[in-house]
>>> print(open('query_32.cif').read())   # mmCIF, C-alpha atoms and all ligand atoms
data_target
loop_
_atom_site.label_atom_id
_atom_site.label_comp_id
_atom_site.auth_asym_id
_atom_site.auth_seq_id
_atom_site.Cartn_x
_atom_site.Cartn_y
_atom_site.Cartn_z
CA MET A 8 17.04 -0.80 -25.18
CA ASN A 9 14.38 -1.05 -22.45
CA LYS A 10 15.57 1.06 -19.53
CA MET A 11 12.80 0.07 -17.12
CA PRO A 12 14.28 -1.91 -14.21
CA LEU A 13 12.82 -5.33 -13.52
CA LEU A 14 12.26 -4.29 -9.92
CA ALA A 15 12.01 -0.81 -8.40
CA VAL A 16 11.52 -0.49 -4.64
CA LYS A 17 10.90 3.02 -3.35
CA ASP A 18 10.79 4.27 0.23
CA LEU A 19 9.69 0.87 1.56
CA LYS A 20 8.70 0.99 5.23
CA VAL A 21 7.56 -2.01 7.27
CA SER A 22 6.57 -2.01 10.92
CA PHE A 23 4.98 -4.50 13.28
CA SER A 24 2.93 -3.87 16.36
CA VAL A 25 4.00 -6.44 18.98
CA LEU A 26 3.45 -7.12 22.67
CA ARG A 27 6.59 -6.92 24.80
CA GLY A 28 5.52 -8.13 28.20
CA LEU A 29 2.42 -6.10 28.89
CA GLU A 30 3.54 -3.21 26.69
CA GLN A 31 2.61 -2.65 23.09
CA ALA A 32 5.81 -2.08 21.07
CA TYR A 33 6.21 -0.76 17.56
CA VAL A 34 9.00 -2.55 15.65
CA GLN A 35 10.33 -0.40 12.79
CA ALA A 36 11.86 -3.25 10.81
CA VAL A 37 12.39 -1.33 7.54
CA ARG A 38 12.57 2.46 7.62
CA GLY A 39 12.55 3.68 4.01
CA VAL A 40 14.54 1.47 1.67
CA SER A 41 14.89 2.20 -2.06
CA PHE A 42 16.72 0.27 -4.76
CA GLU A 43 16.42 -0.91 -8.34
CA LEU A 44 17.40 -4.15 -9.99
CA GLU A 45 17.73 -4.62 -13.71
CA ARG A 46 17.13 -7.86 -15.60
CA GLY A 47 20.13 -10.15 -15.21
CA GLY A 48 21.53 -8.12 -12.31
CA ILE A 49 22.57 -9.42 -8.91
CA LEU A 50 22.00 -7.26 -5.84
CA GLY A 51 23.61 -8.35 -2.57
CA ILE A 52 22.12 -7.32 0.75
CA VAL A 53 24.37 -7.54 3.79
CA GLY A 54 24.02 -6.55 7.44
CA GLU A 55 23.93 -8.01 10.93
CA SER A 56 21.02 -9.99 12.30
CA GLY A 57 17.87 -7.88 12.63
CA SER A 58 18.97 -5.26 10.06
CA GLY A 59 15.78 -5.77 8.04
CA LYS A 60 17.18 -7.81 5.14
CA SER A 61 14.53 -10.55 5.14
CA VAL A 62 11.62 -8.22 5.85
CA THR A 63 12.68 -5.99 2.92
CA THR A 64 12.67 -8.91 0.50
CA GLN A 65 9.57 -10.61 1.90
CA ALA A 66 7.71 -7.37 1.22
CA ILE A 67 8.43 -7.68 -2.52
CA PRO A 68 5.96 -10.52 -3.23
CA ALA A 69 3.86 -9.35 -0.21
CA LEU A 70 4.72 -12.39 1.90
CA LEU A 71 4.69 -10.54 5.22
CA PRO A 72 2.16 -11.49 7.89
CA LYS A 73 -1.07 -9.50 8.24
CA SER A 74 0.38 -7.78 11.33
CA ALA A 75 2.88 -5.93 9.11
CA LYS A 76 2.15 -2.32 8.21
CA VAL A 77 3.71 -1.68 4.81
CA SER A 78 4.10 1.59 2.91
CA GLY A 79 6.08 2.68 -0.13
CA SER A 80 6.20 1.25 -3.59
CA VAL A 81 7.30 -2.07 -5.10
CA ARG A 82 7.13 -2.03 -8.89
CA TYR A 83 7.77 -5.17 -10.90
CA GLU A 84 8.21 -4.44 -14.63
CA GLY A 85 6.56 -1.12 -13.86
CA LYS A 86 3.48 -2.66 -12.22
CA GLU A 87 2.76 -1.74 -8.61
CA LEU A 88 2.61 -4.84 -6.38
CA THR A 89 1.76 -3.23 -3.05
CA GLY A 90 -1.97 -3.34 -2.47
CA LEU A 91 -2.60 -6.11 -5.03
CA ASP A 92 -5.14 -8.76 -4.00
CA THR A 93 -4.05 -12.35 -3.30
CA GLU A 94 -5.35 -13.62 -6.62
CA SER A 95 -3.28 -11.09 -8.60
CA LEU A 96 -0.22 -11.75 -6.42
CA ARG A 97 -0.42 -15.45 -7.31
CA GLY A 98 0.76 -14.51 -10.79
CA TYR A 99 4.01 -13.24 -9.25
CA ARG A 100 4.70 -15.47 -6.24
CA GLY A 101 6.68 -18.50 -7.34
CA LYS A 102 5.96 -17.76 -10.99
CA LYS A 103 7.87 -14.53 -11.64
CA ILE A 104 9.47 -14.25 -8.20
CA GLY A 105 11.04 -17.35 -6.64
CA MET A 106 12.53 -17.66 -3.16
CA ILE A 107 15.11 -19.96 -1.59
CA TYR A 108 15.99 -19.98 2.09
CA GLN A 109 18.73 -20.81 4.57
CA GLU A 110 17.76 -24.33 5.61
CA PRO A 111 16.59 -26.11 2.48
CA GLY A 112 15.65 -29.27 4.42
CA ARG A 113 12.88 -27.44 6.24
CA SER A 114 11.12 -26.40 3.04
CA TYR A 115 10.10 -29.96 2.16
CA ASP A 116 7.49 -32.37 3.46
CA PRO A 117 9.55 -35.37 4.68
CA LEU A 118 6.87 -37.75 3.39
CA GLN A 119 6.74 -36.39 -0.16
CA ASN A 120 9.18 -37.66 -2.77
CA MET A 121 10.73 -35.26 -5.28
CA GLU A 122 8.62 -36.50 -8.19
CA SER A 123 5.52 -35.42 -6.32
CA VAL A 124 7.11 -32.11 -5.23
CA PHE A 125 7.92 -31.22 -8.84
CA LEU A 126 4.48 -32.35 -10.06
CA GLU A 127 2.77 -30.10 -7.51
CA THR A 128 4.98 -27.14 -8.48
CA LEU A 129 4.68 -27.63 -12.22
CA ARG A 130 0.88 -27.96 -11.96
CA ASN A 131 0.78 -24.45 -10.46
CA SER A 132 1.63 -23.08 -13.89
CA ASP A 133 0.32 -25.93 -16.05
CA PRO A 134 -2.58 -27.75 -14.34
CA ALA A 135 -2.90 -30.24 -17.21
CA ILE A 136 0.72 -31.47 -17.19
CA SER A 137 0.94 -35.29 -17.07
CA ARG A 138 3.06 -37.21 -14.55
CA GLU A 139 5.33 -38.36 -17.34
CA ALA A 140 5.87 -34.86 -18.77
CA SER A 141 6.43 -33.48 -15.25
CA ALA A 142 9.07 -36.14 -14.49
CA ALA A 143 10.85 -35.43 -17.77
CA LYS A 144 10.85 -31.69 -17.09
CA ALA A 145 12.00 -32.23 -13.51
CA ALA A 146 14.91 -34.43 -14.65
CA ALA A 147 16.00 -31.75 -17.14
CA LEU A 148 15.83 -29.07 -14.44
CA LEU A 149 17.84 -31.21 -12.03
CA LYS A 150 20.49 -31.66 -14.71
CA GLU A 151 20.54 -27.89 -15.27
CA VAL A 152 21.28 -27.29 -11.57
CA GLY A 153 24.01 -29.94 -11.53
CA LEU A 154 22.24 -33.00 -10.08
CA ASP A 155 23.05 -36.16 -12.01
CA ASN A 156 20.71 -39.13 -12.41
CA GLY A 157 17.78 -36.75 -11.96
CA ARG A 158 15.22 -39.22 -13.30
CA GLU A 159 16.20 -41.91 -10.76
CA ARG A 160 16.53 -39.44 -7.90
CA LEU A 161 12.96 -38.24 -8.31
CA SER A 162 11.82 -41.24 -6.28
CA ASN A 163 13.97 -40.11 -3.34
CA PHE A 164 12.67 -38.32 -0.23
CA PRO A 165 14.22 -35.14 1.25
CA HIS A 166 16.30 -36.99 3.86
CA GLN A 167 18.07 -38.86 1.04
CA PHE A 168 19.70 -35.63 -0.20
CA SER A 169 22.52 -33.54 1.29
CA GLY A 170 21.94 -29.88 2.23
CA GLY A 171 23.73 -28.70 -0.93
CA GLN A 172 21.66 -31.04 -3.10
CA LEU A 173 18.44 -29.80 -1.46
CA GLN A 174 19.47 -26.22 -2.17
CA ARG A 175 20.04 -27.17 -5.84
CA ILE A 176 16.57 -28.75 -5.89
CA GLY A 177 15.13 -25.54 -4.38
CA ILE A 178 16.71 -23.57 -7.25
CA ALA A 179 15.36 -26.11 -9.78
CA LEU A 180 11.86 -25.69 -8.31
CA ALA A 181 12.15 -21.91 -8.65
CA LEU A 182 13.21 -22.37 -12.29
CA ALA A 183 10.35 -24.86 -12.84
CA GLN A 184 7.94 -21.95 -12.84
CA SER A 185 10.33 -19.86 -14.97
CA CYS A 186 11.01 -17.33 -12.22
CA GLU A 187 12.70 -14.15 -13.44
CA LEU A 188 13.72 -12.87 -10.03
CA LEU A 189 15.22 -15.22 -7.45
CA ILE A 190 15.36 -14.01 -3.86
CA ALA A 191 18.04 -16.06 -2.11
CA ASP A 192 17.80 -15.38 1.63
CA GLU A 193 21.02 -16.72 3.15
CA PRO A 194 20.96 -19.76 0.82
CA THR A 195 24.47 -20.85 1.80
CA THR A 196 24.59 -20.11 5.53
CA ALA A 197 23.91 -23.71 6.55
CA LEU A 198 26.39 -25.19 4.05
CA ASP A 199 30.13 -25.80 4.30
CA VAL A 200 32.44 -23.50 2.32
CA THR A 201 33.03 -25.88 -0.61
CA ILE A 202 29.31 -26.38 -1.19
CA GLN A 203 28.74 -22.65 -0.56
CA LYS A 204 31.08 -21.88 -3.47
CA GLN A 205 29.31 -24.41 -5.73
CA ILE A 206 25.89 -22.84 -5.04
CA VAL A 207 27.25 -19.33 -5.65
CA ASP A 208 28.83 -20.51 -8.94
CA LEU A 209 25.53 -22.13 -9.95
CA LEU A 210 23.62 -18.88 -9.31
CA LYS A 211 26.23 -16.89 -11.27
CA SER A 212 25.92 -19.25 -14.23
CA LEU A 213 22.09 -19.19 -14.14
CA ARG A 214 22.00 -15.44 -14.44
CA LYS A 215 24.05 -15.78 -17.62
CA THR A 216 22.16 -18.70 -19.16
CA ARG A 217 18.66 -17.64 -18.07
CA GLN A 218 19.14 -13.89 -17.52
CA ILE A 219 17.49 -14.23 -14.12
CA SER A 220 17.94 -11.42 -11.60
CA ILE A 221 18.98 -12.34 -8.09
CA ILE A 222 18.78 -10.73 -4.68
CA PHE A 223 21.39 -12.49 -2.56
CA ILE A 224 21.25 -11.99 1.21
CA SER A 225 24.06 -12.93 3.58
CA HIS A 226 25.91 -11.87 6.71
CA ASP A 227 29.15 -12.58 4.84
CA ILE A 228 30.20 -9.38 3.06
CA ASP A 229 33.01 -11.09 1.13
CA LEU A 230 30.66 -13.74 -0.23
CA VAL A 231 28.15 -11.06 -1.21
CA ALA A 232 30.93 -9.09 -2.96
CA ASP A 233 31.89 -12.23 -4.89
CA ILE A 234 28.46 -12.83 -6.40
CA SER A 235 26.82 -9.39 -6.63
CA ASP A 236 27.13 -6.49 -9.04
CA ARG A 237 25.94 -4.10 -6.39
CA ILE A 238 25.82 -4.31 -2.60
CA MET A 239 23.35 -2.67 -0.24
CA VAL A 240 24.57 -2.56 3.36
CA MET A 241 21.67 -2.42 5.85
CA TYR A 242 21.57 -1.58 9.54
CA GLY A 243 18.61 -0.73 11.74
CA GLY A 244 16.16 -1.00 8.82
CA LEU A 245 18.11 1.60 6.82
CA VAL A 246 20.52 1.48 3.89
CA MET A 247 23.86 2.65 5.29
CA GLU A 248 25.85 2.39 2.06
CA ALA A 249 25.23 1.06 -1.45
CA ALA A 250 27.64 0.82 -4.37
CA ASN A 251 29.11 -1.51 -6.97
CA SER A 252 30.66 -4.55 -5.30
CA PRO A 253 34.31 -3.70 -6.15
CA VAL A 254 33.75 -0.23 -4.65
CA ILE A 255 32.38 -1.69 -1.42
CA ALA A 256 35.17 -4.28 -1.25
CA ALA A 257 37.99 -1.79 -1.86
CA GLU A 258 36.70 1.67 -1.00
CA ALA A 259 33.85 1.36 1.47
CA GLN A 260 33.40 4.70 3.24
CA HIS A 261 30.70 4.13 5.83
CA PRO A 262 32.01 3.25 9.30
CA TYR A 263 29.50 0.38 9.54
CA THR A 264 30.54 -1.15 6.20
CA ARG A 265 34.17 -0.84 7.20
CA ALA A 266 33.44 -2.47 10.53
CA LEU A 267 31.71 -5.38 8.73
CA LEU A 268 34.73 -5.81 6.46
CA GLN A 269 37.15 -5.76 9.40
CA ALA A 270 35.07 -8.35 11.24
CA SER A 271 34.87 -10.70 8.25
CA PRO A 272 37.42 -13.52 7.92
CA ARG A 273 39.06 -13.73 4.49
CA PHE A 274 40.15 -16.95 2.81
CA GLY A 275 43.58 -17.87 4.22
CA SER A 276 43.46 -15.24 6.98
CA HIS A 277 43.95 -17.94 9.61
CA TYR A 278 47.51 -18.36 8.24
CA SER A 279 48.29 -14.68 8.70
CA ARG A 280 48.67 -12.44 11.72
CA GLU A 281 45.79 -10.29 10.51
CA ARG A 282 43.32 -9.94 13.37
CA LEU A 283 39.60 -9.75 12.98
CA ILE A 284 38.03 -6.83 14.79
CA PRO A 285 34.58 -7.57 16.20
CA ILE A 286 32.01 -4.78 16.11
CA PRO A 287 31.52 -3.62 19.70
CA GLY A 288 28.18 -3.24 21.44
CA LYS A 289 24.71 -4.53 20.74
CA VAL A 290 22.73 -4.39 17.51
CA THR A 291 20.16 -1.57 17.53
CA ASP A 292 16.66 -2.44 18.75
CA PRO A 293 14.12 -1.70 16.00
CA ALA A 294 11.44 -1.24 18.67
CA GLY A 295 13.33 1.74 20.12
CA PRO A 296 15.65 3.07 17.43
CA GLU A 297 18.09 5.86 18.19
CA PRO A 298 16.83 9.32 17.13
CA GLY A 299 19.92 9.82 14.97
CA CYS A 300 22.25 7.37 13.28
CA PRO A 301 21.38 3.89 14.57
CA PHE A 302 25.06 2.92 14.49
CA ALA A 303 26.07 5.87 16.74
CA PRO A 304 26.35 3.88 20.03
CA ARG A 305 28.84 1.49 18.38
CA CYS A 306 30.69 3.85 16.06
CA ALA A 307 34.25 4.93 16.92
CA ARG A 308 33.81 8.09 14.81
CA SER A 309 30.51 9.17 16.32
CA GLN A 310 30.09 12.93 16.88
CA ALA A 311 27.46 14.87 18.82
CA GLU A 312 25.63 15.61 15.56
CA CYS A 313 25.21 11.89 14.83
CA ALA A 314 22.68 11.48 17.63
CA GLN A 315 20.43 14.34 16.49
CA GLU A 316 18.67 13.05 13.40
CA VAL A 317 18.94 10.16 10.97
CA PRO A 318 21.53 11.21 8.37
CA GLU A 319 20.28 11.43 4.78
CA LEU A 320 21.38 8.96 2.14
CA ARG A 321 23.68 10.94 -0.17
CA ILE A 322 25.51 10.20 -3.37
CA ILE A 323 29.27 10.51 -3.52
CA GLU A 324 29.99 12.63 -6.54
CA GLY A 325 33.75 12.60 -6.66
CA ASN A 326 36.90 13.12 -4.65
CA ALA A 327 35.92 15.86 -2.25
CA GLY A 328 39.08 15.95 -0.21
CA HIS A 329 38.13 13.03 2.02
CA GLY A 330 39.72 10.32 -0.03
CA PHE A 331 36.54 9.60 -1.95
CA THR A 332 36.74 7.85 -5.27
CA ASP A 333 34.30 8.38 -8.06
CA SER A 334 32.41 5.10 -8.46
CA LYS A 335 31.58 5.96 -12.07
CA GLY A 336 35.15 5.15 -13.06
CA ILE A 337 34.84 1.50 -12.01
CA ASP A 338 35.37 -0.93 -14.87
CA SER A 339 32.30 -3.15 -14.67
CA ASP A 340 33.80 -5.65 -17.10
CA THR A 341 35.85 -6.91 -14.17
CA ILE A 342 32.62 -8.38 -12.78
CA GLU A 343 31.36 -11.47 -14.54
CA THR A 344 28.00 -10.03 -15.39
CA GLY A 345 27.49 -11.52 -18.82
CA ARG A 346 25.78 -8.26 -19.82
CA PRO A 347 26.97 -4.83 -20.84
CA ASP A 348 27.01 -2.41 -17.94
CA ASN A 349 26.79 1.12 -19.13
CA GLN A 350 24.39 2.31 -16.48
CA GLU A 351 25.35 4.87 -13.92
CA THR A 352 25.68 3.17 -10.57
CA PRO A 353 25.88 5.71 -7.78
CA HIS A 354 27.78 5.25 -4.56
CA GLU A 355 25.32 6.14 -1.79
CA ILE A 356 26.23 6.72 1.83
CA ARG A 357 24.38 7.71 5.00
CA CYS A 358 26.79 9.33 7.46
CA VAL A 359 27.16 12.84 8.90
CA LEU A 360 30.94 12.66 8.40
CA PHE A 361 30.27 13.16 4.72
CA LYS A 362 27.70 15.95 5.01
CA GLN A 363 30.01 18.77 4.01
CA ALA A 364 32.03 16.78 1.54
CA GLY A 365 30.55 17.67 -1.83
CA LEU A 366 27.88 14.99 -1.93
CA LYS A 367 24.62 15.41 -3.77
CA THR A 368 21.31 14.28 -2.31
N1 LIG A 401 6.52 -10.95 11.99
C1 LIG A 401 7.25 -10.13 12.74
N2 LIG A 401 6.73 -9.56 13.85
C2 LIG A 401 7.45 -8.70 14.61
N3 LIG A 401 8.73 -8.36 14.34
C3 LIG A 401 9.30 -8.90 13.26
C4 LIG A 401 8.60 -9.82 12.40
N4 LIG A 401 9.44 -10.20 11.40
C5 LIG A 401 10.61 -9.55 11.63
N5 LIG A 401 10.53 -8.78 12.73
C6 LIG A 401 11.58 -7.94 13.30
O1 LIG A 401 12.05 -7.06 12.28
C7 LIG A 401 13.46 -6.85 12.41
C8 LIG A 401 14.11 -7.16 11.10
O2 LIG A 401 13.98 -8.58 10.88
P1 LIG A 401 14.64 -9.32 9.63
O3 LIG A 401 14.16 -10.73 9.71
O4 LIG A 401 14.35 -8.60 8.37
O5 LIG A 401 16.19 -9.24 9.95
P2 LIG A 401 17.39 -9.85 9.11
O6 LIG A 401 18.27 -8.71 8.70
O7 LIG A 401 16.86 -10.70 8.01
O8 LIG A 401 18.14 -10.71 10.21
P3 LIG A 401 18.82 -12.17 10.11
O9 LIG A 401 20.16 -11.91 9.52
O10 LIG A 401 18.88 -12.64 11.51
O11 LIG A 401 17.97 -13.03 9.24
C9 LIG A 401 13.92 -7.75 13.54
O12 LIG A 401 14.04 -6.99 14.71
C10 LIG A 401 12.80 -8.76 13.68
O13 LIG A 401 12.69 -9.22 15.01
S1 LIG A 402 26.64 9.16 11.16
FE1 LIG A 402 28.05 9.32 12.91
S2 LIG A 402 27.61 7.52 14.17
FE2 LIG A 402 26.71 7.14 12.15
S3 LIG A 402 28.27 6.03 11.07
FE3 LIG A 402 28.58 8.19 10.56
S4 LIG A 402 30.07 8.91 12.07
FE4 LIG A 402 29.30 6.95 12.83
MG MG A 403 16.91 -12.74 7.65
#
>>> encode(input="query_32.cif", output="structure tokens")
Amino acid sequence: MNKMPLLAVKDLKVSFSVLRGLEQAYVQAVRGVSFELERGGILGIVGESGSGKSVTTQAIPALLPKSAKVSGSVRYEGKELTGLDTESLRGYRGKKIGMIYQEPGRSYDPLQNMESVFLETLRNSDPAISREASAAKAAALLKEVGLDNGRERLSNFPHQFSGGQLQRIGIALALAQSCELLIADEPTTALDVTIQKQIVDLLKSLRKTRQISIIFISHDIDLVADISDRIMVMYGGLVMEAANSPVIAAEAQHPYTRALLQASPRFGSHYSRERLIPIPGKVTDPAGPEPGCPFAPRCARSQAECAQEVPELRIIEGNAGHGFTDSKGIDSDTIETGRPDNQETPHEIRCVLFKQAGLKT
């Protein structure tokens, strides 16, 4: 069995030099993020606005503006992508790595019908494809993503589709170039809950039928837990906690993850007396990050030590007397992965509370 992950991101750092008034500011958007994603896996990234979720994923196919200073490593099937020239990156962007975004309507030219959109996309990989063959392929892709009458609908323009339908078309366009990794940056935020669920179910089924890997970004930690095998919680450009989704949902240890869970409405919670607890204070400013834990000014458990230096990301090894649970005991079959999961999936946490608690670095 090939153990090489599809994607391996190591110590990714991204900063921007920007003007704030007359002052030059240095925005540390991503401050050393590492993760791996295997073929067919789904990684969820969650965190408040400005945590660095989009910048992290835009760095993968090198889609950041020229003003971005990027360091670290992004390996796709073992090949380093950082530093590749535009021509070489073309072989990855769209083709191996597809992206869908929050507002699908904005991604389309209002004057271009879908037949022409698909033709343009399909000609990226197959310049000789005929109009007829493109339309047939497009109709099949639309059927695969759950849009009926695909052939007839190809003559329609973007405004003739609903938001959910446009998101399905966006997924079909990503599949048109046989993408192996789909980066879905808040693909459901602009949709109502019923359509949200349909899109999530579609993505789950595509990873089974096509073995595609997905990075799913959202503010909604419950939604992310529903679709992902593993969740990475980000704040202030740093990973605060990362573990298998059931572990995050049931046994999150980091104060920030817990705060996100307590602030997140659950289905049916409006019928109960359960109160949502908003996270106090303002989100950290990446242009002037705290010297220590970026969550310290908002954390109820903050100690003097928290403000001294950024805590290291550590791995929880087992129950160390603080109510920890060993994440290795989690039964992965409870997640609908469609693949065997016999890989070790560590529970990582960045918090000084856990420094003396038998964690390994
Ligand atoms: N091109 C840019 N120039 C300067 N700063 C940027 C640029 N792109 C992003 N940033 C800053 O980097 C930080 C991280 O941005 P990012 O878009 O990754 O956040 P996010 O977690 O995706 O937030 P949201 O949930 O609102 O989408 C933010 O403070 C943002 O303002
Ligand atoms: S390191 Fe300190 S401030 Fe940060 S989350 Fe842990 S307890 Fe809170
Ligand atoms: Mg974003």
>>> closest_atom_pairs(input="query_32.cif", of="chain A", to="ligand LIG 402 (chain A)", cutoff="9 Å", atoms="all atoms listed in the file", output="Markdown table")
| residue | atom | partner | partner_atom | distance |
| --- | --- | --- | --- | --- |
| A:Met247 | CA | A:LIG402 | S3 | 8.0 |
| A:His261 | CA | A:LIG402 | S3 | 6.1 |
| A:Pro262 | CA | A:LIG402 | S3 | 5.0 |
| A:Tyr263 | CA | A:LIG402 | S3 | 6.0 |
| A:Thr264 | CA | A:LIG402 | S3 | 9.0 |
| A:Gly299 | CA | A:LIG402 | S1 | 7.8 |
| A:Cys300 | CA | A:LIG402 | FE2 | 4.6 |
| A:Pro301 | CA | A:LIG402 | FE2 | 6.7 |
| A:Phe302 | CA | A:LIG402 | FE2 | 5.1 |
| A:Ala303 | CA | A:LIG402 | S2 | 3.4 |
| A:Pro304 | CA | A:LIG402 | S2 | 7.0 |
| A:Arg305 | CA | A:LIG402 | S2 | 7.5 |
| A:Cys306 | CA | A:LIG402 | FE4 | 4.7 |
| A:Ala307 | CA | A:LIG402 | FE4 | 6.7 |
| A:Arg308 | CA | A:LIG402 | S4 | 4.7 |
| A:Ser309 | CA | A:LIG402 | S2 | 4.0 |
| A:Gln310 | CA | A:LIG402 | FE1 | 5.7 |
| A:Ala311 | CA | A:LIG402 | FE1 | 8.1 |
| A:Glu312 | CA | A:LIG402 | FE1 | 7.2 |
| A:Cys313 | CA | A:LIG402 | FE1 | 4.3 |
| A:Ala314 | CA | A:LIG402 | S2 | 7.2 |
| A:Val317 | CA | A:LIG402 | S1 | 7.8 |
| A:Pro318 | CA | A:LIG402 | S1 | 6.2 |
| A:Arg357 | CA | A:LIG402 | S1 | 6.7 |
| A:Cys358 | CA | A:LIG402 | S1 | 3.7 |
| A:Val359 | CA | A:LIG402 | S1 | 4.3 |
| A:Leu360 | CA | A:LIG402 | S4 | 5.3 |
| A:Phe361 | CA | A:LIG402 | FE3 | 7.9 |
>>> atom_distance(input="query_32.cif", atom1="CA of Gly170 (chain A)", atom2="CA of Ile206 (chain A)")
10.9 Å
>>> closest_residue(input="query_32.cif", among="A:Asp208, A:Glu151, A:Asp18, A:Asp233", to="Val246 (chain A)", atoms="only C-alpha atoms")
A:Asp18
>>> residues_around(input="query_32.cif", residues="Tyr33 (chain A)", least_positions_apart="6", cutoff="7 Å", atoms="all atoms listed in the file", output="list of chain:residue names")
A:Ser22, A:Phe23, A:Ser24, A:Val25, A:Ala294
>>> atom_distance(input="query_32.cif", atom1="CA of Thr352 (chain A)", atom2="CA of Lys215 (chain A)")
20.3 Å
>>> closest_residue(input="query_32.cif", among="A:Ile238, A:Leu118, A:Ile224, A:Ile136", to="ligand MG 403 (chain A)", atoms="all atoms listed in the file")
A:Ile224
>>> residues_around(input="query_32.cif", residues="Gln65 (chain A)", least_positions_apart="4", cutoff="12 Å", atoms="only C-alpha atoms", output="number ranges by chain")
A: 19, 21, 36-37, 59-61, 69-72, 75, 77, 81, 89, 100, 104-108, 189-192, 222, 224
>>> residues_near_point(input="query_32.cif", point="(10.3, -36.9, -11.2)", cutoff="6 Å", atoms="only C-alpha atoms", output="VMD selection string")
chain A and resid 122 142 145 158 161
>>> closest_residue(input="query_32.cif", among="A:Val62, A:Val290, A:Val231, A:Leu182", to="Gln203 (chain A)", atoms="only C-alpha atoms")
A:Val231
>>> residues_around(input="query_32.cif", residues="Asp236 (chain A)", least_positions_apart="4", cutoff="7 Å", atoms="all atoms listed in the file", output="mmCIF file with C-alpha atoms, keeping the file's coordinate frame")
data_model
loop_
_atom_site.group_PDB
_atom_site.id
_atom_site.type_symbol
_atom_site.label_atom_id
_atom_site.label_comp_id
_atom_site.auth_asym_id
_atom_site.auth_seq_id
_atom_site.Cartn_x
_atom_site.Cartn_y
_atom_site.Cartn_z
ATOM 1 C CA GLY A 48 21.530 -8.120 -12.310
ATOM 2 C CA ILE A 49 22.570 -9.420 -8.910
ATOM 3 C CA LEU A 50 22.000 -7.260 -5.840
ATOM 4 C CA ASN A 251 29.110 -1.510 -6.970
ATOM 5 C CA SER A 252 30.660 -4.550 -5.300
ATOM 6 C CA ILE A 342 32.620 -8.380 -12.780
#
>>> closest_residue(input="query_32.cif", among="A:Val200, A:Tyr115, A:Glu319, A:Ile52", to="Ala232 (chain A)", atoms="all atoms listed in the file")
A:Ile52
>>> atom_distance(input="query_32.cif", atom1="CA of Thr201 (chain A)", atom2="CA of Arg46 (chain A)")
28.3 Å
>>> residues_around(input="query_32.cif", residues="Lys17 (chain A)", least_positions_apart="3", cutoff="10 Å", atoms="all atoms listed in the file", output="VMD selection string")
chain A and resid 14 20 39 to 43 78 to 82
>>> closest_residue(input="query_32.cif", among="A:Lys103, A:Leu213, A:Glu159, A:Ile228", to="Ala146 (chain A)", atoms="only C-alpha atoms")
A:Glu159
>>> closest_residue(input="query_32.cif", among="A:Met241, A:Ala270, A:Val16, A:Leu149", to="ligand MG 403 (chain A)", atoms="all atoms listed in the file")
A:Met241
>>> residues_around(input="query_32.cif", residues="Asn120 (chain A)", least_positions_apart="4", cutoff="6 Å", atoms="all atoms listed in the file", output="list in words")
Ser162, Asn163 and Phe164 of chain A
>>> residues_near_point(input="query_32.cif", point="(17.9, -5.2, -16.6)", cutoff="9 Å", atoms="all atoms listed in the file", output="mmCIF file with C-alpha atoms, keeping the file's coordinate frame")
data_model
loop_
_atom_site.group_PDB
_atom_site.id
_atom_site.type_symbol
_atom_site.label_atom_id
_atom_site.label_comp_id
_atom_site.auth_asym_id
_atom_site.auth_seq_id
_atom_site.Cartn_x
_atom_site.Cartn_y
_atom_site.Cartn_z
ATOM 1 C CA ASN A 9 14.380 -1.050 -22.450
ATOM 2 C CA LYS A 10 15.570 1.060 -19.530
ATOM 3 C CA MET A 11 12.800 0.070 -17.120
ATOM 4 C CA PRO A 12 14.280 -1.910 -14.210
ATOM 5 C CA LEU A 13 12.820 -5.330 -13.520
ATOM 6 C CA LEU A 14 12.260 -4.290 -9.920
ATOM 7 C CA LEU A 44 17.400 -4.150 -9.990
ATOM 8 C CA GLU A 45 17.730 -4.620 -13.710
ATOM 9 C CA ARG A 46 17.130 -7.860 -15.600
ATOM 10 C CA GLY A 47 20.130 -10.150 -15.210
ATOM 11 C CA GLY A 48 21.530 -8.120 -12.310
ATOM 12 C CA GLN A 218 19.140 -13.890 -17.520
ATOM 13 C CA SER A 220 17.940 -11.420 -11.600
#
>>> axis_aligned_box(input="query_32.cif", around="ligand LIG 401 (chain A)", padding_each_side="4 Å", output="lines of an AutoDock Vina configuration file")
center_x = 13.3
center_y = -9.9
center_z = 11.5
size_x = 21.6
size_y = 14.2
size_z = 15.0
>>> decode(input="query_32.cif", residues="region 308-322 of chain A", atoms="C-alpha atoms", output="PDB file, in the first residue's frame")
ATOM      1  CA  ARG A 308      -8.371  30.002  31.452  1.00  0.00           C
ATOM      2  CA  SER A 309      -5.502  32.285  30.497  1.00  0.00           C
ATOM      3  CA  GLN A 310      -2.502  32.274  32.863  1.00  0.00           C
ATOM      4  CA  ALA A 311       0.512  34.584  33.075  1.00  0.00           C
ATOM      5  CA  GLU A 312       2.581  32.026  31.157  1.00  0.00           C
ATOM      6  CA  CYS A 313       0.188  32.153  28.190  1.00  0.00           C
ATOM      7  CA  ALA A 314       1.315  35.653  27.250  1.00  0.00           C
ATOM      8  CA  GLN A 315       5.031  34.821  27.191  1.00  0.00           C
ATOM      9  CA  GLU A 316       5.546  32.756  24.056  1.00  0.00           C
ATOM     10  CA  VAL A 317       3.460  30.934  21.483  1.00  0.00           C
ATOM     11  CA  PRO A 318       2.746  27.481  22.956  1.00  0.00           C
ATOM     12  CA  GLU A 319       4.074  24.530  20.961  1.00  0.00           C
ATOM     13  CA  LEU A 320       1.761  22.160  19.137  1.00  0.00           C
ATOM     14  CA  ARG A 321       1.900  18.916  21.118  1.00  0.00           C
ATOM     15  CA  ILE A 322       0.432  15.471  20.705  1.00  0.00           C
TER      16      ILE A 322
END
